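Asker: My questions will all concern the structure given below.
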Amino acid sequence: MLFSCAALRSLTLACCRFALPATVSLPSVETLLLSHVNGPDSDVQRLVSGCPRLADLSIVACRALTAVTVLGARLRRLAILCSDSLAAVAVDASELRHFEYSGFVPDGRNFLTLHGDAQRRRGMAYCKVNICGAEATSEYKLTHLRQFLQLSRRESQDCPEELLSGQQLRYNPHGRGLAAAPQAPCLRSTVRELSLVHYQGGVAQRSLARFVLRSAPAIAEVYCGCAEGDWSTLSQLKREIIGWVMNKSANTIFA
Ligand SMILES: *[C@@H]1O[C@H](CO)[C@@H](O)[C@H](O)[C@H]1NC(C)=O
């Protein structure tokens, strides 16, 4: 009965395996949270496709899931957290305003495919990327990280950024990812504030920080919450961040 309840608006399924009935029809579900769900791709897909009004989809620690497509509904919020087998996500992005990703560096260009009417697309209001696990240093991983970030940036305007990763301060003076960081013209006049939290100076984090800061001449405030570490590493990282801030009167706060 649950999977054909016409009145249900919000559905959370956690820590379960699926045994879906033949028909899934959830015409009113707008919010769907799947957490630690070990269903085969086909069942997750059938559930998602059974929600034509889906606006808010969170996929959390669904470690068996490899692909999901949401084209029959217009998502406004998409969160993909700690679902590391997920290699292909395709959504209608014409109304997507909020995107959150937490996990390893996603593999390749096909990870996220955004469909939808570009004319209607209003741009994202919130974008949070948390790259966790071992620091990405290989050329292969950095290329994927760059592709993924370019994709999410291309879709972003007015985008408050939160960039997270790791635990311990470090500084690699030969950060290979830093050299080729592109700039994002869509951030130019809109980014006024940047918060870096758990900043520990990994190459991926520094690339992200530099990417946003070098694209944001109108920035007025930069907050950086640094991880534990020694004084000289901290001061090198501070100096580097201050060097990237284009507005020399901006407030920079290190904690
Ligand atoms: C630079 O930062 C200051 C201090 O936060 C702010 O008042 C000013 O508007 C910023 N400059 C530009 C060009 O946005």
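By convention here, the chains of the structure tokens are called A, B, ... in the order presented, each chain's residues are numbered starting at 1, and ligands are numbered starting at 1 in the order presented.
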Fewer than 3 positions away in the same chain doesn't count, so skip those; otherwise give me all residues within 12 Å of Gly243 (chain A), counting only C-alpha atoms, as a PDB file with N, CA and C atoms, in the first residue's frame.

Answerer:
```pdb
ATOM      1  N   ALA A 209      39.536  26.452  -3.713  1.00  0.00           N
ATOM      2  CA  ALA A 209      39.559  27.778  -3.096  1.00  0.00           C
ATOM      3  C   ALA A 209      40.090  28.799  -4.089  1.00  0.00           C
ATOM      4  N   ARG A 210      41.162  28.434  -4.779  1.00  0.00           N
ATOM      5  CA  ARG A 210      41.741  29.364  -5.742  1.00  0.00           C
ATOM      6  C   ARG A 210      40.777  29.630  -6.892  1.00  0.00           C
ATOM      7  N   LEU A 213      38.068  31.978  -5.582  1.00  0.00           N
ATOM      8  CA  LEU A 213      38.579  33.309  -5.235  1.00  0.00           C
ATOM      9  C   LEU A 213      39.061  34.074  -6.468  1.00  0.00           C
ATOM     10  N   ARG A 214      39.715  33.376  -7.402  1.00  0.00           N
ATOM     11  CA  ARG A 214      40.215  34.064  -8.598  1.00  0.00           C
ATOM     12  C   ARG A 214      39.074  34.416  -9.550  1.00  0.00           C
ATOM     13  N   GLN A 236      51.583  29.617   5.790  1.00  0.00           N
ATOM     14  CA  GLN A 236      51.739  29.488   4.322  1.00  0.00           C
ATOM     15  C   GLN A 236      50.381  29.438   3.636  1.00  0.00           C
ATOM     16  N   LEU A 237      49.466  28.662   4.238  1.00  0.00           N
ATOM     17  CA  LEU A 237      48.127  28.534   3.643  1.00  0.00           C
ATOM     18  C   LEU A 237      47.387  29.869   3.687  1.00  0.00           C
ATOM     19  N   LYS A 238      47.539  30.591   4.820  1.00  0.00           N
ATOM     20  CA  LYS A 238      46.897  31.915   4.956  1.00  0.00           C
ATOM     21  C   LYS A 238      47.400  32.864   3.893  1.00  0.00           C
ATOM     22  N   ARG A 239      48.743  32.908   3.762  1.00  0.00           N
ATOM     23  CA  ARG A 239      49.351  33.827   2.807  1.00  0.00           C
ATOM     24  C   ARG A 239      48.846  33.526   1.388  1.00  0.00           C
ATOM     25  N   GLU A 240      48.748  32.233   1.101  1.00  0.00           N
ATOM     26  CA  GLU A 240      48.297  31.830  -0.227  1.00  0.00           C
ATOM     27  C   GLU A 240      46.856  32.301  -0.480  1.00  0.00           C
ATOM     28  N   MET A 246      40.914  38.764  -4.627  1.00  0.00           N
ATOM     29  CA  MET A 246      41.129  39.840  -5.596  1.00  0.00           C
ATOM     30  C   MET A 246      40.795  41.209  -5.018  1.00  0.00           C
ATOM     31  N   ASN A 247      39.801  41.276  -4.119  1.00  0.00           N
ATOM     32  CA  ASN A 247      39.448  42.550  -3.488  1.00  0.00           C
ATOM     33  C   ASN A 247      40.342  42.731  -2.257  1.00  0.00           C
ATOM     34  N   LYS A 248      41.321  43.605  -2.382  1.00  0.00           N
ATOM     35  CA  LYS A 248      42.303  43.719  -1.314  1.00  0.00           C
ATOM     36  C   LYS A 248      41.714  44.356  -0.049  1.00  0.00           C
ATOM     37  N   ALA A 250      38.814  43.242   1.164  1.00  0.00           N
ATOM     38  CA  ALA A 250      37.886  42.253   1.725  1.00  0.00           C
ATOM     39  C   ALA A 250      38.334  41.845   3.136  1.00  0.00           C
ATOM     40  N   THR A 252      39.243  39.213   5.727  1.00  0.00           N
ATOM     41  CA  THR A 252      39.632  37.789   5.743  1.00  0.00           C
ATOM     42  C   THR A 252      39.739  37.353   7.195  1.00  0.00           C
TER      43      THR A 252
END
```

Asker: Please report as CSV every residue of chain A lying within 12 Å of ligand 1, along with the nearest atom pair and their distance in Å (one decimal), using only C-alpha atoms and all ligand atoms.

Answerer:
```
residue,atom,partner,partner_atom_place_in_ligand_line,distance
A:Arg188,CA,ligand 1,14 (O),10.0
A:Ser189,CA,ligand 1,14 (O),8.0
A:Thr190,CA,ligand 1,14 (O),9.5
A:Val191,CA,ligand 1,14 (O),9.2
A:Arg192,CA,ligand 1,14 (O),7.2
A:Glu193,CA,ligand 1,5 (O),9.0
A:Leu194,CA,ligand 1,5 (O),11.7
A:Ala216,CA,ligand 1,14 (O),9.0
A:Pro217,CA,ligand 1,13 (C),6.5
A:Ala218,CA,ligand 1,14 (O),3.6
A:Ile219,CA,ligand 1,14 (O),5.7
A:Ala220,CA,ligand 1,5 (O),3.7
A:Glu221,CA,ligand 1,5 (O),5.5
A:Val222,CA,ligand 1,5 (O),9.0
A:Tyr223,CA,ligand 1,5 (O),11.7
A:Val245,CA,ligand 1,1 (C),9.7
A:Met246,CA,ligand 1,1 (C),8.7
A:Asn247,CA,ligand 1,1 (C),5.0
A:Lys248,CA,ligand 1,1 (C),6.7
A:Ser249,CA,ligand 1,2 (O),4.6
A:Ala250,CA,ligand 1,2 (O),3.6
A:Asn251,CA,ligand 1,5 (O),5.2
A:Thr252,CA,ligand 1,5 (O),8.7
A:Ile253,CA,ligand 1,5 (O),11.2
```

Asker: Taking 2 positions as the minimum chain separation for residues in the same chain, which residues sit within 9 Å of Arg206 (chain A) when counting only C-alpha atoms? Answer as a list in words.

Answerer: Gly175, Gly177, Leu178, Tyr199, Gln200, Gly201, Gly202, Val203, Ala204, Leu208, Ala209, Arg210, Phe211, Leu237 and Ile241 of chain A

Asker: Need the shell around Ala22 (chain A): protein/DNA/RNA residues with any atom at most 10 Å away, counting only C-alpha atoms. Skip same-chain ones fewer than 3 positions apart. Format as a ChimeraX atom specification?

Answerer: /A:3,19,25,46

Asker: Please produce an output containing N, CA and C atoms for each residue in the selection, written as a PDB file, in the first residue's frame.

Answerer:
```pdb
ATOM      1  N   PHE A   3       3.528   1.962  -1.485  1.00  0.00           N
ATOM      2  CA  PHE A   3       4.055   2.374  -2.786  1.00  0.00           C
ATOM      3  C   PHE A   3       2.973   2.754  -3.800  1.00  0.00           C
ATOM      4  N   ALA A  19      11.550  -4.677  -1.740  1.00  0.00           N
ATOM      5  CA  ALA A  19      10.754  -5.733  -2.360  1.00  0.00           C
ATOM      6  C   ALA A  19       9.566  -4.974  -2.922  1.00  0.00           C
ATOM      7  N   SER A  25       3.278   3.830  -7.657  1.00  0.00           N
ATOM      8  CA  SER A  25       2.636   5.058  -8.096  1.00  0.00           C
ATOM      9  C   SER A  25       2.486   5.988  -6.902  1.00  0.00           C
ATOM     10  N   ARG A  46      12.760   2.365 -10.539  1.00  0.00           N
ATOM     11  CA  ARG A  46      11.309   2.209 -10.631  1.00  0.00           C
ATOM     12  C   ARG A  46      10.626   3.079  -9.570  1.00  0.00           C
TER      13      ARG A  46
END
```

Asker: To one decimal place in Å, what is the distance between CA of Pro52 (chain A) and CA of Leu75 (chain A)?

Answerer: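 CA of Leu75 (chain A) lies 10.1 Å from CA of Pro52 (chain A).
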
Asker: Run DSSP on the backbone of this structure and report the residues of region 9-148 of chain A it assigns to helix (DSSP H, G or I), as a count of residues only.

Answerer: 22

Asker: As number ranges by chain, please: the residues near Leu96 (chain A) (cut-off 7 Å, only C-alpha atoms, same-chain neighbours under 3 positions excluded).

Answerer: A: 75-77, 93, 124

Asker: Quick one: everything within 9 Å of region 34-39 of chain A, counting only C-alpha atoms, minus sequence neighbours fewer than 5 positions away in the same chain. Send it as a list in words.

Answerer: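 Surrounding residues, per the criterion: Leu11, Thr12, Leu13, Ala14, Cys15, Cys16, Arg17, Phe18, Ala19, Val44, Leu57, Ser58, Ile59, Val60, Ala61, Cys62, Arg63, Ala64, Leu65 and Ser83 of chain A.
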
Asker: If we count only C-alpha atoms, what is near Leu86 (chain A) at a cut-off of 12 Å, once residues fewer than 3 positions away on the same chain are taken out, given as an mmCIF file with N, CA, C and O atoms, in the first residue's frame?

Answerer:
```cif
data_model
loop_
_atom_site.group_PDB
_atom_site.id
_atom_site.type_symbol
_atom_site.label_atom_id
_atom_site.label_comp_id
_atom_site.auth_asym_id
_atom_site.auth_seq_id
_atom_site.Cartn_x
_atom_site.Cartn_y
_atom_site.Cartn_z
ATOM 1 N N PRO A 40 18.569 -3.093 -5.923
ATOM 2 C CA PRO A 40 19.228 -3.069 -7.239
ATOM 3 C C PRO A 40 18.844 -1.773 -7.960
ATOM 4 O O PRO A 40 17.802 -1.168 -7.668
ATOM 5 N N ASP A 41 19.683 -1.366 -8.911
ATOM 6 C CA ASP A 41 19.428 -0.141 -9.677
ATOM 7 C C ASP A 41 17.997 -0.094 -10.207
ATOM 8 O O ASP A 41 17.337 0.935 -10.152
ATOM 9 N N ILE A 59 20.124 10.997 -1.926
ATOM 10 C CA ILE A 59 20.616 9.619 -1.987
ATOM 11 C C ILE A 59 21.814 9.555 -1.057
ATOM 12 O O ILE A 59 22.836 10.197 -1.297
ATOM 13 N N VAL A 60 21.655 8.856 0.045
ATOM 14 C CA VAL A 60 22.677 8.860 1.089
ATOM 15 C C VAL A 60 23.171 7.435 1.343
ATOM 16 O O VAL A 60 22.376 6.555 1.683
ATOM 17 N N ALA A 61 24.458 7.225 1.157
ATOM 18 C CA ALA A 61 25.089 5.939 1.472
ATOM 19 C C ALA A 61 24.343 4.758 0.867
ATOM 20 O O ALA A 61 24.145 3.742 1.515
ATOM 21 N N CYS A 62 23.920 4.918 -0.380
ATOM 22 C CA CYS A 62 23.321 3.790 -1.102
ATOM 23 C C CYS A 62 24.472 3.171 -1.894
ATOM 24 O O CYS A 62 24.696 3.523 -3.059
ATOM 25 N N ARG A 63 25.198 2.298 -1.259
ATOM 26 C CA ARG A 63 26.494 1.915 -1.792
ATOM 27 C C ARG A 63 26.424 0.940 -2.960
ATOM 28 O O ARG A 63 27.412 0.729 -3.649
ATOM 29 N N ALA A 64 25.252 0.332 -3.186
ATOM 30 C CA ALA A 64 25.143 -0.591 -4.306
ATOM 31 C C ALA A 64 24.638 0.100 -5.570
ATOM 32 O O ALA A 64 24.764 -0.434 -6.661
ATOM 33 N N LEU A 65 24.109 1.293 -5.395
ATOM 34 C CA LEU A 65 23.478 1.986 -6.522
ATOM 35 C C LEU A 65 24.538 2.486 -7.522
ATOM 36 O O LEU A 65 25.516 3.111 -7.121
ATOM 37 N N THR A 66 24.344 2.198 -8.813
ATOM 38 C CA THR A 66 25.345 2.653 -9.787
ATOM 39 C C THR A 66 24.809 3.721 -10.746
ATOM 40 O O THR A 66 25.585 4.481 -11.307
ATOM 41 N N ALA A 67 23.490 3.776 -10.926
ATOM 42 C CA ALA A 67 22.956 4.770 -11.867
ATOM 43 C C ALA A 67 21.537 5.142 -11.485
ATOM 44 O O ALA A 67 20.782 4.318 -10.979
ATOM 45 N N VAL A 68 21.189 6.396 -11.722
ATOM 46 C CA VAL A 68 19.808 6.823 -11.505
ATOM 47 C C VAL A 68 19.481 7.965 -12.472
ATOM 48 O O VAL A 68 20.342 8.795 -12.781
ATOM 49 N N THR A 69 18.261 7.944 -12.959
ATOM 50 C CA THR A 69 17.819 8.949 -13.934
ATOM 51 C C THR A 69 16.511 9.557 -13.457
ATOM 52 O O THR A 69 15.590 8.828 -13.097
ATOM 53 N N ILE A 80 23.650 14.058 -3.278
ATOM 54 C CA ILE A 80 24.249 12.728 -3.448
ATOM 55 C C ILE A 80 25.369 12.634 -2.420
ATOM 56 O O ILE A 80 26.391 13.307 -2.538
ATOM 57 N N LEU A 81 25.136 11.860 -1.380
ATOM 58 C CA LEU A 81 26.083 11.833 -0.279
ATOM 59 C C LEU A 81 26.584 10.399 -0.061
ATOM 60 O O LEU A 81 25.787 9.468 0.103
ATOM 61 N N CYS A 82 27.893 10.253 -0.103
ATOM 62 C CA CYS A 82 28.540 8.990 0.278
ATOM 63 C C CYS A 82 27.965 7.776 -0.448
ATOM 64 O O CYS A 82 27.789 6.721 0.143
ATOM 65 N N SER A 83 27.655 7.928 -1.720
ATOM 66 C CA SER A 83 27.147 6.804 -2.511
ATOM 67 C C SER A 83 28.180 6.553 -3.593
ATOM 68 O O SER A 83 28.046 6.993 -4.733
ATOM 69 N N VAL A 89 24.455 9.842 -13.063
ATOM 70 C CA VAL A 89 23.227 10.475 -12.576
ATOM 71 C C VAL A 89 22.760 11.405 -13.683
ATOM 72 O O VAL A 89 23.528 12.248 -14.144
ATOM 73 N N ALA A 90 21.522 11.250 -14.102
ATOM 74 C CA ALA A 90 20.984 12.145 -15.137
ATOM 75 C C ALA A 90 19.691 12.739 -14.615
ATOM 76 O O ALA A 90 18.816 12.015 -14.141
ATOM 77 N N TYR A 101 26.996 17.537 -2.981
ATOM 78 C CA TYR A 101 27.711 16.297 -3.262
ATOM 79 C C TYR A 101 28.725 16.057 -2.157
ATOM 80 O O TYR A 101 29.456 16.960 -1.751
ATOM 81 N N SER A 102 28.758 14.839 -1.667
ATOM 82 C CA SER A 102 29.780 14.457 -0.716
ATOM 83 C C SER A 102 30.247 13.061 -1.077
ATOM 84 O O SER A 102 29.422 12.159 -1.265
ATOM 85 N N GLY A 103 31.553 12.896 -1.213
ATOM 86 C CA GLY A 103 32.068 11.568 -1.560
ATOM 87 C C GLY A 103 33.433 11.700 -2.198
ATOM 88 O O GLY A 103 34.056 12.753 -2.147
ATOM 89 N N PHE A 104 33.894 10.594 -2.788
ATOM 90 C CA PHE A 104 35.176 10.618 -3.471
ATOM 91 C C PHE A 104 35.053 11.447 -4.748
ATOM 92 O O PHE A 104 33.941 11.763 -5.170
ATOM 93 N N VAL A 105 36.190 11.740 -5.345
ATOM 94 C CA VAL A 105 36.166 12.451 -6.631
ATOM 95 C C VAL A 105 35.378 11.594 -7.617
ATOM 96 O O VAL A 105 35.717 10.440 -7.825
ATOM 97 N N PRO A 106 34.294 12.114 -8.191
ATOM 98 C CA PRO A 106 33.505 11.274 -9.095
ATOM 99 C C PRO A 106 34.275 10.960 -10.367
ATOM 100 O O PRO A 106 35.108 11.747 -10.799
ATOM 101 N N ASP A 107 33.977 9.798 -10.932
ATOM 102 C CA ASP A 107 34.689 9.332 -12.124
ATOM 103 C C ASP A 107 34.102 9.930 -13.389
ATOM 104 O O ASP A 107 32.996 9.599 -13.773
ATOM 105 N N GLY A 108 34.859 10.818 -13.988
ATOM 106 C CA GLY A 108 34.548 11.192 -15.358
ATOM 107 C C GLY A 108 33.368 12.113 -15.586
ATOM 108 O O GLY A 108 32.637 12.477 -14.697
ATOM 109 N N ASN A 110 30.666 11.605 -17.219
ATOM 110 C CA ASN A 110 29.308 11.069 -17.267
ATOM 111 C C ASN A 110 28.653 11.029 -15.904
ATOM 112 O O ASN A 110 27.496 10.644 -15.787
ATOM 113 N N PHE A 111 29.392 11.404 -14.861
ATOM 114 C CA PHE A 111 28.834 11.273 -13.520
ATOM 115 C C PHE A 111 27.515 12.031 -13.401
ATOM 116 O O PHE A 111 26.535 11.522 -12.894
ATOM 117 N N LEU A 112 27.494 13.259 -13.861
ATOM 118 C CA LEU A 112 26.289 14.063 -13.710
ATOM 119 C C LEU A 112 25.894 14.628 -15.067
ATOM 120 O O LEU A 112 26.655 15.375 -15.666
#
```

Asker: How far is it from CA of Cys127 (chain A) to CA of Val70 (chain A), in Å with one decimal?

Answerer: 19.0 Å

Asker: Quick one: pull the distance between CA of Ala6 (chain A) and CA of Val24 (chain A), Å, one decimal.

Answerer: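 Separation of CA of Ala6 (chain A) and CA of Val24 (chain A): 10.5 Å.
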